[in-house]
Structures are given as structure tokens and as C-alpha cells.
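Visitor: Just so it is clear, I am handing over upload.cif, which has mmCIF, C-alpha atoms.
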```
data_start
#
loop_
_atom_site.group_PDB
_atom_site.id
_atom_site.type_symbol
_atom_site.label_atom_id
_atom_site.label_comp_id
_atom_site.auth_asym_id
_atom_site.auth_seq_id
_atom_site.Cartn_x
_atom_site.Cartn_y
_atom_site.Cartn_z
ATOM 1 C CA MET L 1 -9.330 206.963 -92.568
ATOM 2 C CA ALA L 2 -5.835 207.273 -91.136
ATOM 3 C CA PHE L 3 -6.109 211.065 -91.235
ATOM 4 C CA LEU L 4 -9.499 210.968 -89.484
ATOM 5 C CA LYS L 5 -8.058 208.705 -86.778
ATOM 6 C CA ARG L 6 -5.230 211.164 -86.146
ATOM 7 C CA ILE L 7 -7.735 214.015 -85.834
ATOM 8 C CA MET L 8 -9.738 212.036 -83.275
ATOM 9 C CA LEU L 9 -6.618 211.206 -81.267
ATOM 10 C CA GLY L 10 -5.656 214.866 -81.262
ATOM 11 C CA LEU L 11 -9.034 215.881 -79.881
ATOM 12 C CA VAL L 12 -8.736 213.314 -77.087
ATOM 13 C CA LEU L 13 -5.366 214.756 -76.093
ATOM 14 C CA LEU L 14 -6.513 218.375 -76.202
ATOM 15 C CA LEU L 15 -9.885 218.232 -74.473
ATOM 16 C CA PRO L 16 -10.316 217.799 -70.705
ATOM 17 C CA PHE L 17 -12.549 215.056 -69.402
ATOM 18 C CA ALA L 18 -15.587 217.330 -69.045
ATOM 19 C CA VAL L 19 -18.077 214.531 -68.488
ATOM 20 C CA ALA L 20 -16.119 213.146 -65.563
ATOM 21 C CA ALA L 21 -15.621 216.600 -64.107
ATOM 22 C CA ASN L 22 -19.313 217.456 -64.240
ATOM 23 C CA ALA L 23 -20.144 214.299 -62.308
ATOM 24 C CA GLN L 24 -18.119 215.375 -59.288
ATOM 25 C CA SER L 25 -17.279 218.461 -57.286
ATOM 26 C CA SER L 26 -14.353 220.609 -58.338
ATOM 27 C CA ASN L 27 -12.178 219.469 -55.418
ATOM 28 C CA SER L 28 -13.053 215.766 -55.365
ATOM 29 C CA ARG L 29 -9.830 214.753 -57.098
ATOM 30 C CA ILE L 30 -7.518 216.451 -54.587
ATOM 31 C CA ASN L 31 -6.301 213.906 -52.035
ATOM 32 C CA LEU L 32 -5.308 215.393 -48.667
ATOM 33 C CA LEU L 33 -3.455 213.924 -45.705
ATOM 34 C CA VAL L 34 -3.923 215.918 -42.495
ATOM 35 C CA MET L 35 -0.954 215.566 -40.120
ATOM 36 C CA SER L 36 0.289 217.185 -36.917
ATOM 37 C CA ASP L 37 3.830 218.495 -36.507
ATOM 38 C CA ASP L 38 4.428 218.181 -32.763
ATOM 39 C CA ALA L 39 8.256 218.170 -32.712
ATOM 40 C CA ASP L 40 8.274 221.473 -30.800
ATOM 41 C CA PRO L 41 7.927 220.564 -27.077
ATOM 42 C CA ASP L 42 5.650 223.597 -26.633
ATOM 43 C CA THR L 43 3.039 222.177 -29.031
ATOM 44 C CA VAL L 44 0.155 219.879 -28.097
ATOM 45 C CA PRO L 45 1.271 216.253 -28.768
ATOM 46 C CA ARG L 46 -0.722 214.051 -31.142
ATOM 47 C CA ASN L 47 -1.948 211.740 -28.361
ATOM 48 C CA ASN L 48 -3.650 214.618 -26.555
ATOM 49 C CA ARG L 49 -7.430 215.145 -26.354
ATOM 50 C CA ILE L 50 -7.122 218.643 -27.816
ATOM 51 C CA PHE L 51 -5.223 217.263 -30.799
ATOM 52 C CA ASN L 52 -7.932 214.666 -31.441
ATOM 53 C CA ARG L 53 -10.675 217.299 -31.516
ATOM 54 C CA VAL L 54 -8.736 219.560 -33.874
ATOM 55 C CA GLN L 55 -7.828 216.667 -36.162
ATOM 56 C CA LEU L 56 -11.398 215.382 -36.428
ATOM 57 C CA GLN L 57 -12.978 218.813 -36.916
ATOM 58 C CA LEU L 58 -10.411 219.888 -39.498
ATOM 59 C CA SER L 59 -10.740 216.633 -41.449
ATOM 60 C CA GLU L 60 -14.538 216.791 -41.315
ATOM 61 C CA TYR L 61 -14.655 220.370 -42.614
ATOM 62 C CA LEU L 62 -12.290 219.670 -45.526
ATOM 63 C CA ASN L 63 -14.273 216.534 -46.338
ATOM 64 C CA THR L 64 -17.527 218.515 -46.547
ATOM 65 C CA ARG L 65 -15.824 221.012 -48.892
ATOM 66 C CA GLY L 66 -15.296 218.220 -51.440
ATOM 67 C CA PHE L 67 -11.688 217.209 -50.757
ATOM 68 C CA GLN L 68 -10.710 213.551 -50.392
ATOM 69 C CA VAL L 69 -9.331 213.407 -46.835
ATOM 70 C CA TYR L 70 -7.444 210.263 -45.764
ATOM 71 C CA ASP L 71 -6.690 209.038 -42.271
ATOM 72 C CA GLU L 72 -2.969 208.928 -41.573
ATOM 73 C CA THR L 73 -3.115 206.024 -39.128
ATOM 74 C CA SER L 74 -5.014 203.818 -41.577
ATOM 75 C CA LEU L 75 -2.708 204.603 -44.505
ATOM 76 C CA ALA L 76 0.534 204.258 -42.535
ATOM 77 C CA LEU L 77 -0.466 201.044 -40.743
ATOM 78 C CA GLY L 78 2.234 198.472 -41.386
ATOM 79 C CA ILE L 79 4.829 200.855 -42.842
ATOM 80 C CA ALA L 80 5.458 203.260 -39.939
ATOM 81 C CA PRO L 81 4.849 203.345 -36.159
ATOM 82 C CA THR L 82 1.391 204.836 -35.667
ATOM 83 C CA SER L 83 1.834 205.789 -32.004
ATOM 84 C CA ARG L 84 4.944 207.982 -32.297
ATOM 85 C CA VAL L 85 4.795 211.514 -30.974
ATOM 86 C CA ARG L 86 7.103 214.507 -31.418
ATOM 87 C CA ARG L 87 7.718 213.714 -35.082
ATOM 88 C CA ARG L 88 9.734 216.054 -37.300
ATOM 89 C CA ASP L 89 8.988 217.355 -40.799
ATOM 90 C CA ALA L 90 11.203 214.829 -42.588
ATOM 91 C CA GLU L 91 9.343 211.914 -41.014
ATOM 92 C CA LEU L 92 5.940 213.317 -41.930
ATOM 93 C CA ILE L 93 6.962 213.914 -45.554
ATOM 94 C CA GLU L 94 8.443 210.413 -45.836
ATOM 95 C CA ILE L 95 5.208 208.871 -44.550
ATOM 96 C CA ALA L 96 3.082 210.909 -46.978
ATOM 97 C CA ARG L 97 5.236 209.783 -49.915
ATOM 98 C CA SER L 98 5.386 206.143 -48.813
ATOM 99 C CA VAL L 99 1.679 205.336 -48.416
ATOM 100 C CA SER L 100 -0.009 203.369 -51.193
ATOM 101 C CA THR L 101 -2.778 205.933 -51.771
ATOM 102 C CA PRO L 102 -1.532 208.789 -54.009
ATOM 103 C CA VAL L 103 -1.608 211.878 -51.787
ATOM 104 C CA ASP L 104 -1.591 215.250 -53.559
ATOM 105 C CA ALA L 105 -1.024 217.568 -50.604
ATOM 106 C CA MET L 106 -0.278 217.286 -46.919
ATOM 107 C CA VAL L 107 -1.759 219.685 -44.364
ATOM 108 C CA VAL L 108 0.749 219.992 -41.530
ATOM 109 C CA TYR L 109 -0.294 221.961 -38.462
ATOM 110 C CA GLN L 110 0.887 222.797 -34.933
ATOM 111 C CA ILE L 111 -1.306 223.453 -31.904
ATOM 112 C CA TYR L 112 -0.149 225.803 -29.155
ATOM 113 C CA ALA L 113 -2.321 225.933 -26.027
ATOM 114 C CA SER L 114 -1.653 227.583 -22.688
ATOM 115 C CA ALA L 115 -3.369 229.301 -19.742
ATOM 116 C CA ARG L 116 -2.155 232.798 -18.871
ATOM 117 C CA ARG L 117 -2.695 234.306 -15.434
ATOM 118 C CA GLY L 118 -4.308 237.724 -15.086
ATOM 119 C CA VAL L 119 -2.337 240.865 -14.304
ATOM 120 C CA THR L 120 -3.576 240.869 -10.720
ATOM 121 C CA GLN L 121 -3.109 238.248 -8.021
ATOM 122 C CA SER L 122 -6.770 237.185 -8.145
ATOM 123 C CA GLY L 123 -5.975 233.790 -9.651
ATOM 124 C CA VAL L 124 -7.950 234.414 -12.844
ATOM 125 C CA ARG L 125 -6.574 232.424 -15.794
ATOM 126 C CA TYR L 126 -7.172 232.972 -19.499
ATOM 127 C CA PRO L 127 -6.740 230.136 -22.037
ATOM 128 C CA GLU L 128 -4.882 230.919 -25.244
ATOM 129 C CA ILE L 129 -4.897 228.757 -28.384
ATOM 130 C CA ARG L 130 -3.072 229.169 -31.662
ATOM 131 C CA ILE L 131 -2.924 226.776 -34.630
ATOM 132 C CA ALA L 132 -0.251 227.331 -37.286
ATOM 133 C CA GLY L 133 0.889 225.295 -40.235
ATOM 134 C CA ARG L 134 1.320 224.935 -43.973
ATOM 135 C CA VAL L 135 0.249 222.971 -47.034
ATOM 136 C CA LEU L 136 2.833 221.169 -49.185
ATOM 137 C CA ASN L 137 2.609 219.354 -52.509
ATOM 138 C CA VAL L 138 3.665 215.837 -51.555
ATOM 139 C CA ARG L 139 5.177 214.835 -54.913
ATOM 140 C CA SER L 140 7.210 217.938 -55.659
ATOM 141 C CA GLY L 141 7.658 219.484 -52.200
ATOM 142 C CA GLN L 142 6.252 222.761 -53.541
ATOM 143 C CA PHE L 143 5.014 225.202 -50.908
ATOM 144 C CA ILE L 144 1.305 225.905 -51.452
ATOM 145 C CA ALA L 145 0.108 227.951 -48.479
ATOM 146 C CA ALA L 146 0.706 228.947 -44.862
ATOM 147 C CA PHE L 147 -1.964 229.695 -42.299
ATOM 148 C CA GLU L 148 -2.500 230.651 -38.675
ATOM 149 C CA VAL L 149 -5.645 231.041 -36.599
ATOM 150 C CA GLY L 150 -6.160 232.025 -32.975
ATOM 151 C CA GLY L 151 -3.671 233.936 -30.920
ATOM 152 C CA PHE L 152 -6.362 235.973 -29.194
ATOM 153 C CA GLN L 153 -7.522 235.907 -25.571
ATOM 154 C CA LEU L 154 -10.451 233.626 -24.765
ATOM 155 C CA PRO L 155 -12.931 233.959 -21.875
ATOM 156 C CA ALA L 156 -11.503 233.319 -18.419
ATOM 157 C CA LEU L 157 -11.466 229.758 -17.098
ATOM 158 C CA PRO L 158 -13.994 228.861 -14.392
ATOM 159 C CA SER L 159 -12.688 228.524 -10.849
ATOM 160 C CA PRO L 160 -11.681 226.010 -9.755
ATOM 161 C CA CYS L 161 -10.502 224.452 -13.044
ATOM 162 C CA GLY L 162 -8.250 221.400 -12.890
ATOM 163 C CA ALA L 163 -6.608 219.425 -15.657
ATOM 164 C CA GLU L 164 -9.895 217.866 -16.851
ATOM 165 C CA CYS L 165 -11.637 221.238 -16.930
ATOM 166 C CA LEU L 166 -8.726 222.814 -18.803
ATOM 167 C CA LEU L 167 -8.698 220.080 -21.463
ATOM 168 C CA GLU L 168 -12.428 220.315 -22.067
ATOM 169 C CA THR L 169 -12.549 224.113 -22.127
ATOM 170 C CA VAL L 170 -9.569 224.513 -24.434
ATOM 171 C CA GLY L 171 -10.795 221.587 -26.558
ATOM 172 C CA THR L 172 -14.164 223.260 -27.100
ATOM 173 C CA HIS L 173 -12.546 226.469 -28.328
ATOM 174 C CA SER L 174 -10.033 224.516 -30.437
ATOM 175 C CA ARG L 175 -12.863 222.942 -32.469
ATOM 176 C CA VAL L 176 -14.056 226.406 -33.466
ATOM 177 C CA LEU L 177 -10.526 227.379 -34.511
ATOM 178 C CA ALA L 178 -10.186 224.119 -36.454
ATOM 179 C CA THR L 179 -13.257 225.061 -38.500
ATOM 180 C CA ASP L 180 -11.795 228.498 -39.261
ATOM 181 C CA LEU L 181 -8.540 226.794 -40.158
ATOM 182 C CA GLY L 182 -10.312 224.404 -42.533
ATOM 183 C CA ALA L 183 -12.043 227.322 -44.260
ATOM 184 C CA ALA L 184 -8.713 229.089 -44.807
ATOM 185 C CA ILE L 185 -7.052 225.938 -46.166
ATOM 186 C CA ALA L 186 -9.960 225.154 -48.511
ATOM 187 C CA GLN L 187 -9.942 228.689 -49.918
ATOM 188 C CA LYS L 188 -6.200 228.636 -50.550
ATOM 189 C CA LEU L 189 -6.261 225.174 -52.141
ATOM 190 C CA GLU L 190 -9.149 226.119 -54.408
ATOM 191 C CA GLY L 191 -7.391 229.313 -55.472
ATOM 192 C CA PHE L 192 -4.138 227.464 -56.101
ATOM 193 C CA ALA L 193 -5.882 224.858 -58.270
ATOM 194 C CA ARG L 194 -7.596 227.576 -60.328
ATOM 195 C CA GLN L 195 -4.382 229.339 -61.349
ATOM 196 C CA PRO L 196 -4.437 230.237 -65.077
ATOM 197 C CA GLY L 197 -2.292 228.325 -67.516
ATOM 198 C CA THR L 198 0.761 229.760 -69.202
ATOM 199 C CA ALA L 199 0.700 230.653 -72.897
ATOM 200 C CA GLU L 200 3.133 228.834 -75.166
ATOM 201 C CA ILE L 201 4.309 229.571 -78.707
ATOM 202 C CA SER L 202 3.782 226.569 -80.988
ATOM 203 C CA LYS L 203 6.083 225.513 -83.793
ATOM 204 C CA ASP L 204 3.870 227.136 -86.414
ATOM 205 C CA GLY L 205 4.004 230.467 -84.604
ATOM 206 C CA GLY L 206 0.568 230.310 -82.995
ATOM 207 C CA VAL L 207 -0.138 230.909 -79.326
ATOM 208 C CA VAL L 208 -1.321 227.833 -77.430
ATOM 209 C CA ALA L 209 -2.905 228.552 -74.037
ATOM 210 C CA GLY L 210 -3.062 225.829 -71.413
ATOM 211 C CA PRO L 211 -6.781 225.449 -70.661
ATOM 212 C CA VAL L 212 -7.714 225.112 -67.020
ATOM 213 C CA GLY L 213 -11.377 224.245 -66.978
ATOM 214 C CA ASP L 214 -13.521 221.185 -66.375
ATOM 215 C CA GLY L 215 -11.358 218.163 -65.699
ATOM 216 C CA CYS L 216 -8.333 220.274 -64.667
ATOM 217 C CA ASN L 217 -9.107 220.798 -60.993
ATOM 218 C CA ASN L 218 -6.206 218.778 -59.584
ATOM 219 C CA LEU L 219 -3.425 220.591 -57.792
ATOM 220 C CA PRO L 220 -0.738 221.744 -60.245
ATOM 221 C CA THR L 221 2.014 219.136 -60.083
ATOM 222 C CA ASP L 222 5.522 219.137 -61.528
ATOM 223 C CA TYR L 223 6.659 216.055 -63.419
ATOM 224 C CA VAL L 224 10.018 215.114 -64.892
ATOM 225 C CA ILE L 225 9.559 214.010 -68.503
ATOM 226 C CA GLN L 226 12.435 212.009 -69.968
ATOM 227 C CA LEU L 227 12.633 211.362 -73.715
ATOM 228 C CA ARG L 228 15.145 208.662 -74.648
ATOM 229 C CA GLU L 229 16.633 207.488 -77.986
ATOM 230 C CA PHE L 230 14.799 210.102 -80.075
ATOM 231 C CA THR L 231 16.335 212.323 -82.753
ATOM 232 C CA ALA L 232 16.316 216.107 -82.347
ATOM 233 C CA SER L 233 13.477 216.493 -84.861
ATOM 234 C CA GLU L 234 11.416 213.830 -83.071
ATOM 235 C CA VAL L 235 11.963 215.582 -79.735
ATOM 236 C CA ASP L 236 10.716 218.823 -81.314
ATOM 237 C CA ARG L 237 7.592 217.051 -82.589
ATOM 238 C CA ILE L 238 6.859 215.559 -79.163
ATOM 239 C CA GLU L 239 7.418 218.896 -77.402
ATOM 240 C CA GLY L 240 5.120 220.574 -79.893
ATOM 241 C CA GLU L 241 2.388 218.126 -78.928
ATOM 242 C CA PHE L 242 2.539 218.075 -75.112
ATOM 243 C CA VAL L 243 2.303 221.880 -74.821
ATOM 244 C CA ARG L 244 -1.164 221.623 -76.438
ATOM 245 C CA TRP L 245 -2.640 219.148 -73.970
ATOM 246 C CA GLY L 246 -5.516 220.092 -71.715
ATOM 247 C CA CYS L 247 -4.489 221.123 -68.160
ATOM 248 C CA TYR L 248 -1.014 222.171 -69.368
ATOM 249 C CA ARG L 249 0.587 224.899 -67.224
ATOM 250 C CA SER L 250 4.207 225.354 -68.240
ATOM 251 C CA HIS L 251 7.415 223.496 -69.002
ATOM 252 C CA ARG L 252 11.134 224.034 -69.331
ATOM 253 C CA ALA L 253 13.982 221.933 -70.699
ATOM 254 C CA THR L 254 16.562 220.863 -68.115
ATOM 255 C CA THR L 255 18.834 218.602 -70.200
ATOM 256 C CA VAL L 256 19.021 218.205 -73.977
ATOM 257 C CA THR L 257 21.449 215.989 -75.912
ATOM 258 C CA THR L 258 21.507 214.593 -79.449
ATOM 259 C CA THR L 259 19.464 211.519 -78.436
ATOM 260 C CA SER L 260 17.571 212.545 -75.292
ATOM 261 C CA ALA L 261 15.826 215.407 -73.527
ATOM 262 C CA ASP L 262 14.566 216.043 -70.003
ATOM 263 C CA TYR L 263 11.774 218.470 -69.185
ATOM 264 C CA PHE L 264 10.294 219.964 -66.034
ATOM 265 C CA TYR L 265 6.562 219.796 -66.854
ATOM 266 C CA SER L 266 3.781 221.413 -64.821
ATOM 267 C CA THR L 267 0.172 220.286 -65.302
ATOM 268 C CA SER L 268 -3.147 220.008 -63.485
ATOM 269 C CA ALA L 269 -3.776 216.600 -65.069
ATOM 270 C CA ASP L 270 -3.354 213.520 -62.906
ATOM 271 C CA SER L 271 -0.640 210.923 -63.556
ATOM 272 C CA ALA L 272 -3.003 208.434 -65.231
ATOM 273 C CA ARG L 273 -4.163 211.016 -67.758
ATOM 274 C CA LEU L 274 -0.604 212.220 -68.390
ATOM 275 C CA THR L 275 0.739 208.748 -69.177
ATOM 276 C CA ARG L 276 -2.330 208.004 -71.321
ATOM 277 C CA ASN L 277 -1.721 211.191 -73.280
ATOM 278 C CA PHE L 278 1.830 210.115 -73.984
ATOM 279 C CA ARG L 279 0.737 206.711 -75.280
ATOM 280 C CA LEU L 280 -1.862 208.315 -77.571
ATOM 281 C CA MET L 281 0.579 210.993 -78.657
ATOM 282 C CA MET L 282 3.140 208.399 -79.782
ATOM 283 C CA GLU L 283 0.535 206.923 -82.086
ATOM 284 C CA LEU L 284 -0.503 210.386 -83.252
ATOM 285 C CA VAL L 285 3.021 211.382 -84.352
ATOM 286 C CA GLY L 286 3.723 207.920 -85.811
ATOM 287 C CA LEU L 287 6.485 206.838 -83.407
ATOM 288 C CA ASN L 288 7.001 203.581 -81.540
ATOM 289 C CA GLY L 289 7.812 203.943 -77.858
ATOM 290 C CA GLN L 290 7.391 202.633 -74.337
ATOM 291 C CA VAL L 291 5.941 204.840 -71.599
ATOM 292 C CA THR L 292 6.794 204.154 -67.961
ATOM 293 C CA PHE L 293 5.772 206.107 -64.867
ATOM 294 C CA ALA L 294 7.160 206.100 -61.305
ATOM 295 C CA GLY L 295 6.817 208.754 -58.602
ATOM 296 C CA ASN L 296 6.651 212.005 -60.558
ATOM 297 C CA ARG L 297 8.834 210.796 -63.450
ATOM 298 C CA VAL L 298 7.511 209.878 -66.914
ATOM 299 C CA THR L 299 10.043 208.144 -69.190
ATOM 300 C CA VAL L 300 9.317 207.704 -72.902
ATOM 301 C CA THR L 301 11.791 205.430 -74.687
ATOM 302 C CA LYS L 302 11.782 205.028 -78.453
ATOM 303 C CA VAL L 303 11.526 201.491 -79.782
ATOM 304 C CA SER L 304 13.537 201.351 -82.989
ATOM 305 C CA THR L 305 12.675 198.937 -85.774
ATOM 306 C CA ARG L 306 14.594 197.982 -88.915
#
```
Turn the structure described in the file into C-alpha cells.

Guide:
Amino acid sequence: MAFLKRIMLGLVLLLPFAVAANAQSSNSRINLLVMSDDADPDTVPRNNRIFNRVQLQLSEYLNTRGFQVYDETSLALGIAPTSRVRRRDAELIEIARSVSTPVDAMVVYQIYASARRGVTQSGVRYPEIRIAGRVLNVRSGQFIAAFEVGGFQLPALPSPCGAECLLETVGTHSRVLATDLGAAIAQKLEGFARQPGTAEISKDGGVVAGPVGDGCNNLPTDYVIQLREFTASEVDRIEGEFVRWGCYRSHRATTVTTTSADYFYSTSADSARLTRNFRLMMELVGLNGQVTFAGNRVTVTKVSTR
């Protein structure tokens, strides 16, 4: 019976949660926070009408593609000023890491809008819009993608066209660009999440491939795994197990001593599944230990008994 139990535990660790994955879209477990970087004085500030239209259209498109899109103002309420403009990168990243909802990636964009006069003195003006930005993994800071849309000449503005006319005309075109921007982001995120796993040589000489299928559609995330108070042979046993888990990508040792080891571990599994795997794995290999998780750090400490 004990042997059968170990076999069952091993299957739980190896297989992705296919049932859960089939019940949802492939992107539904990727949490996004859409934010505007308006530190450059030439960009459209976040309290502008054009910004609002881009933000809403971009969020709506990503939402319809199956991503979980969260509102920055709602999440940051009570922990950061929600009316600040001209915010820099460091502030945006700190907000994304501080909110209670676990955010996988942040979409940071900049809007440039202007009206260029024609080459003659006829007074004809042409609006120009460009949206540029990038996608970052919130936990690890890993660069995921860069994007830019626009930069081409739009139809001439009507005459006369005051401030209200300019805002409405540019805002209408900006919504179209925001949709194109959302399509580019969705494609890059989906491609990034589908990256193949890395093969690993097991202790018995076999090749173990990290499966990336149903249940492994989260963004690849890097975790720090800390093993404490284990012997060298026990560390080898634990390492031989976690390279076999579903959604595994790659790992590397960063620090190894006689009683501890630290690893840089990349996986498409979420934090709840990773910590659960460690608890089950400790039972599987017959060791007593405590598993704690904070940020992107998993610490497994051996509990010694007499």
C-alpha cells in the first residue's frame, strides 16, 4: 500500500491539471495590469481624454482575448495616490508588486500625440499618434516584449478645429491604434507562454522533458528555491524530483553548501501549485520539512527528528 501511495503522489506531481485547464481559456490564468508611463513631458498624461480612450480600449481587447485584466486604480486604492501623473518606471513597478492581487505581467505604454502643419502656408494640420511600450514580468522583472503602433500620417483635421475638436479626432484614431496594440500584445504573450520546456538529464541517465501542455499556460516565472538543513544526498533526491514536475522549464544552482542549496527555477506553474508540489514531494521522498512561500521565493526547511 505504501508503494502504491508513492506512485499516486508521483503522478500528481508529474501531470498538469488538465481538467482545470480544459474548463477555461488558455490565457485565463495570466493576470495583467495595464499602466501608462507618462514621465516624458511629450507623452499624453494619464488624466487626459485620449489616455482614457486608449486605456479602456486596450483593456477591453485584452479582456476579450481571455486575459485577466485588472484596474490599476481599484487595486492601488489605499496604498498609493491614484491621481498622480508623470510617474516613472520605478513607481509603476512598485505599485504592481505591492497590490494584493497577484499580477503576472504589467503592460506599460506611452502615448505620443501631436498635430503637424502642412508644408504650405494653407493652415492644414495633420494629427499624428504613436503608442509605444513594453511588457514586463512583475515578479522577476524579466523583459517579455516591446511594441509600437502608429507613427503614420492621419487624415487632415477639419477647419476650424479647436482643442475640443482635436481631442475628439485624435481620440477616435487612438482607439483604433489601441486595438492594434492589444492584438500585438496578446500575440506576444501567447507565444511567450507557449515556449517549449528544456530537457533535463535525470539521475538514472534518462532525459526528462518539461511538458508544456494543458494546465501550463501561465507566463514562465522564475522562482528562488532554497533548501535548508538537508544533506547532500537529500538535496540530490529533491533536485531529481522537481525537474520532473509538469510545467518545468529549466533550473540552475546558484549556491550549494554541505547543508543547503539555492536554485533559480523557471516554471509555467503558478505559486500555489509549486508549493503544493513541494509538500507532496517531501512525503514522496520520505522527508520531513516545512514549506514557506513569499514573493517569488520558496523555502523548504528540513525538520529533523531523533

Visitor: Would you translate the PyMOL selection byres ((chain L and resi 37) around 10) into the concrete set of residues it matches in this file, as a list in words?

Guide: Met35, Ser36, Asp38, Ala39, Asp40, Thr43, Val44, Pro45, Arg46, Val85, Arg86, Arg87, Arg88, Asp89, Glu91, Leu92, Val107, Val108, Tyr109, Gln110, Ile111, Ala132 and Gly133 of chain L

Visitor: Output the selection as a PDB file, in the frame of the given file - C-alpha atoms for each residue.

Guide:
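Below is the file that was written, part_8.pdb:
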```
ATOM      1  CA  MET L  35      -0.954 215.566 -40.120  1.00  0.00           C
ATOM      2  CA  SER L  36       0.289 217.185 -36.917  1.00  0.00           C
ATOM      3  CA  ASP L  38       4.428 218.181 -32.763  1.00  0.00           C
ATOM      4  CA  ALA L  39       8.256 218.170 -32.712  1.00  0.00           C
ATOM      5  CA  ASP L  40       8.274 221.473 -30.800  1.00  0.00           C
ATOM      6  CA  THR L  43       3.039 222.177 -29.031  1.00  0.00           C
ATOM      7  CA  VAL L  44       0.155 219.879 -28.097  1.00  0.00           C
ATOM      8  CA  PRO L  45       1.271 216.253 -28.768  1.00  0.00           C
ATOM      9  CA  ARG L  46      -0.722 214.051 -31.142  1.00  0.00           C
ATOM     10  CA  VAL L  85       4.795 211.514 -30.974  1.00  0.00           C
ATOM     11  CA  ARG L  86       7.103 214.507 -31.418  1.00  0.00           C
ATOM     12  CA  ARG L  87       7.718 213.714 -35.082  1.00  0.00           C
ATOM     13  CA  ARG L  88       9.734 216.054 -37.300  1.00  0.00           C
ATOM     14  CA  ASP L  89       8.988 217.355 -40.799  1.00  0.00           C
ATOM     15  CA  GLU L  91       9.343 211.914 -41.014  1.00  0.00           C
ATOM     16  CA  LEU L  92       5.940 213.317 -41.930  1.00  0.00           C
ATOM     17  CA  VAL L 107      -1.759 219.685 -44.364  1.00  0.00           C
ATOM     18  CA  VAL L 108       0.749 219.992 -41.530  1.00  0.00           C
ATOM     19  CA  TYR L 109      -0.294 221.961 -38.462  1.00  0.00           C
ATOM     20  CA  GLN L 110       0.887 222.797 -34.933  1.00  0.00           C
ATOM     21  CA  ILE L 111      -1.306 223.453 -31.904  1.00  0.00           C
ATOM     22  CA  ALA L 132      -0.251 227.331 -37.286  1.00  0.00           C
ATOM     23  CA  GLY L 133       0.889 225.295 -40.235  1.00  0.00           C
TER      24      GLY L 133
END
```

Visitor: Go through L:Ser140, L:Thr257, L:Gln57, L:Asn296 one by one, measure the shortest atom-to-atom distance of each to Asp270 in chain L using only C-alpha atoms, and give the residue with the smallest value.

Guide: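 Smallest separation from Asp270 in chain L among the options: L:Asn296.
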
Visitor: Can you pull out every residue within 12 Å of Arg237 in chain L, counting only C-alpha atoms, but drop anything in the same chain fewer than 3 positions away, and send it as a VMD selection string?

Guide: chain L and resid 202 to 204 227 230 to 234 240 to 244 281 to 282 284 to 287

Visitor: Would you save the residues of that selection, restricted to C-alpha atoms, as a short mmCIF file (atom, residue, chain, number, x, y, z; two decimals), in the coordinates of the input?

Guide:
```
data_model
loop_
_atom_site.label_atom_id
_atom_site.label_comp_id
_atom_site.auth_asym_id
_atom_site.auth_seq_id
_atom_site.Cartn_x
_atom_site.Cartn_y
_atom_site.Cartn_z
CA SER L 202 3.78 226.57 -80.99
CA LYS L 203 6.08 225.51 -83.79
CA ASP L 204 3.87 227.14 -86.41
CA LEU L 227 12.63 211.36 -73.72
CA PHE L 230 14.80 210.10 -80.08
CA THR L 231 16.34 212.32 -82.75
CA ALA L 232 16.32 216.11 -82.35
CA SER L 233 13.48 216.49 -84.86
CA GLU L 234 11.42 213.83 -83.07
CA GLY L 240 5.12 220.57 -79.89
CA GLU L 241 2.39 218.13 -78.93
CA PHE L 242 2.54 218.08 -75.11
CA VAL L 243 2.30 221.88 -74.82
CA ARG L 244 -1.16 221.62 -76.44
CA MET L 281 0.58 210.99 -78.66
CA MET L 282 3.14 208.40 -79.78
CA LEU L 284 -0.50 210.39 -83.25
CA VAL L 285 3.02 211.38 -84.35
CA GLY L 286 3.72 207.92 -85.81
CA LEU L 287 6.48 206.84 -83.41
#
```

Visitor: Hey, what's within 9 Å of Gly171 in chain L if we count only C-alpha atoms and toss same-chain stuff fewer than 3 positions away? As a count of residues only, please?

Guide: 11

Visitor: In the coordinate frame of the file, compute which residues have an atom within 7 Å of (9.7, 222.7, -69.3) when using all atoms listed in the file, and state them as a list in words.

Guide: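 The residues that fall inside the cut-off are Ser250, His251, Arg252, Ala253, Tyr263, Phe264 and Tyr265 of chain L.
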
Visitor: Nearest to Pro220 in chain L among L:Asp236, L:Asp104, L:Glu283, L:Asp262, with distances taken over all atoms listed in the file: which residue is it?

Guide: L:Asp104

Visitor: Just want the 6 Å neighbourhood of range 69-79 of chain L, counted on only C-alpha atoms, with same-chain residues fewer than 2 positions away dropped. Output as a PyMOL selection string.

Guide: chain L and resi 32-33+63+67+82+99

Visitor: As an exercise, work out the distance from CA of Gly66 in chain L to CA of His173 in chain L in Å and give it to one decimal place.

Guide: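 Computing it gives 24.7 Å between the two atoms.
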
Visitor: Could you work out how far CA of Pro127 in chain L lies from CA of Pro155 in chain L, giving the answer in Å with one decimal?

Guide: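 So the answer is 7.3 Å.
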
Visitor: Pick from L:Pro102, L:Pro41, L:Gly118, L:Gly162: nearest to Arg139 in chain L, with only C-alpha atoms counted?

Guide: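 Looking at the shortest contact to Arg139 in chain L, the residue is L:Pro102.
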
Visitor: Please evaluate the PyMOL selection byres ((chain L and resi 228) around 7) against the displayed coordinates and give the resulting residues as JSON, numbers by chain.

Guide: {"L": [226, 227, 229, 230, 259, 260, 261, 300, 301, 302]}

Visitor: Can you pull out the residues contacting Ile185 in chain L? Cut-off 10 Å, using only C-alpha atoms, and skip same-chain residues under 3 positions away; I want them as a list of chain:residue names.

Guide: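 Final neighbour list, sorted by chain and number: L:Leu58, L:Leu62, L:Val107, L:Gly133, L:Arg134, L:Val135, L:Ile144, L:Ala145, L:Ala146, L:Phe147, L:Glu148, L:Thr179, L:Asp180, L:Leu181, L:Gly182, L:Lys188, L:Leu189, L:Glu190, L:Gly191.
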
Visitor: What does the structure give for the distance between CA of Glu164 in chain L and CA of Gly123 in chain L, in Å to one decimal?

Guide: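 For CA of Glu164 in chain L relative to CA of Gly123 in chain L, the distance reads 17.9 Å.
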
Visitor: Identify all residues satisfying the PyMOL selection byres ((chain L and resi 125) around 7) in the given file; provide them as a PyMOL selection string.

Guide: chain L and resi 115-118+123-124+126-127+156-157
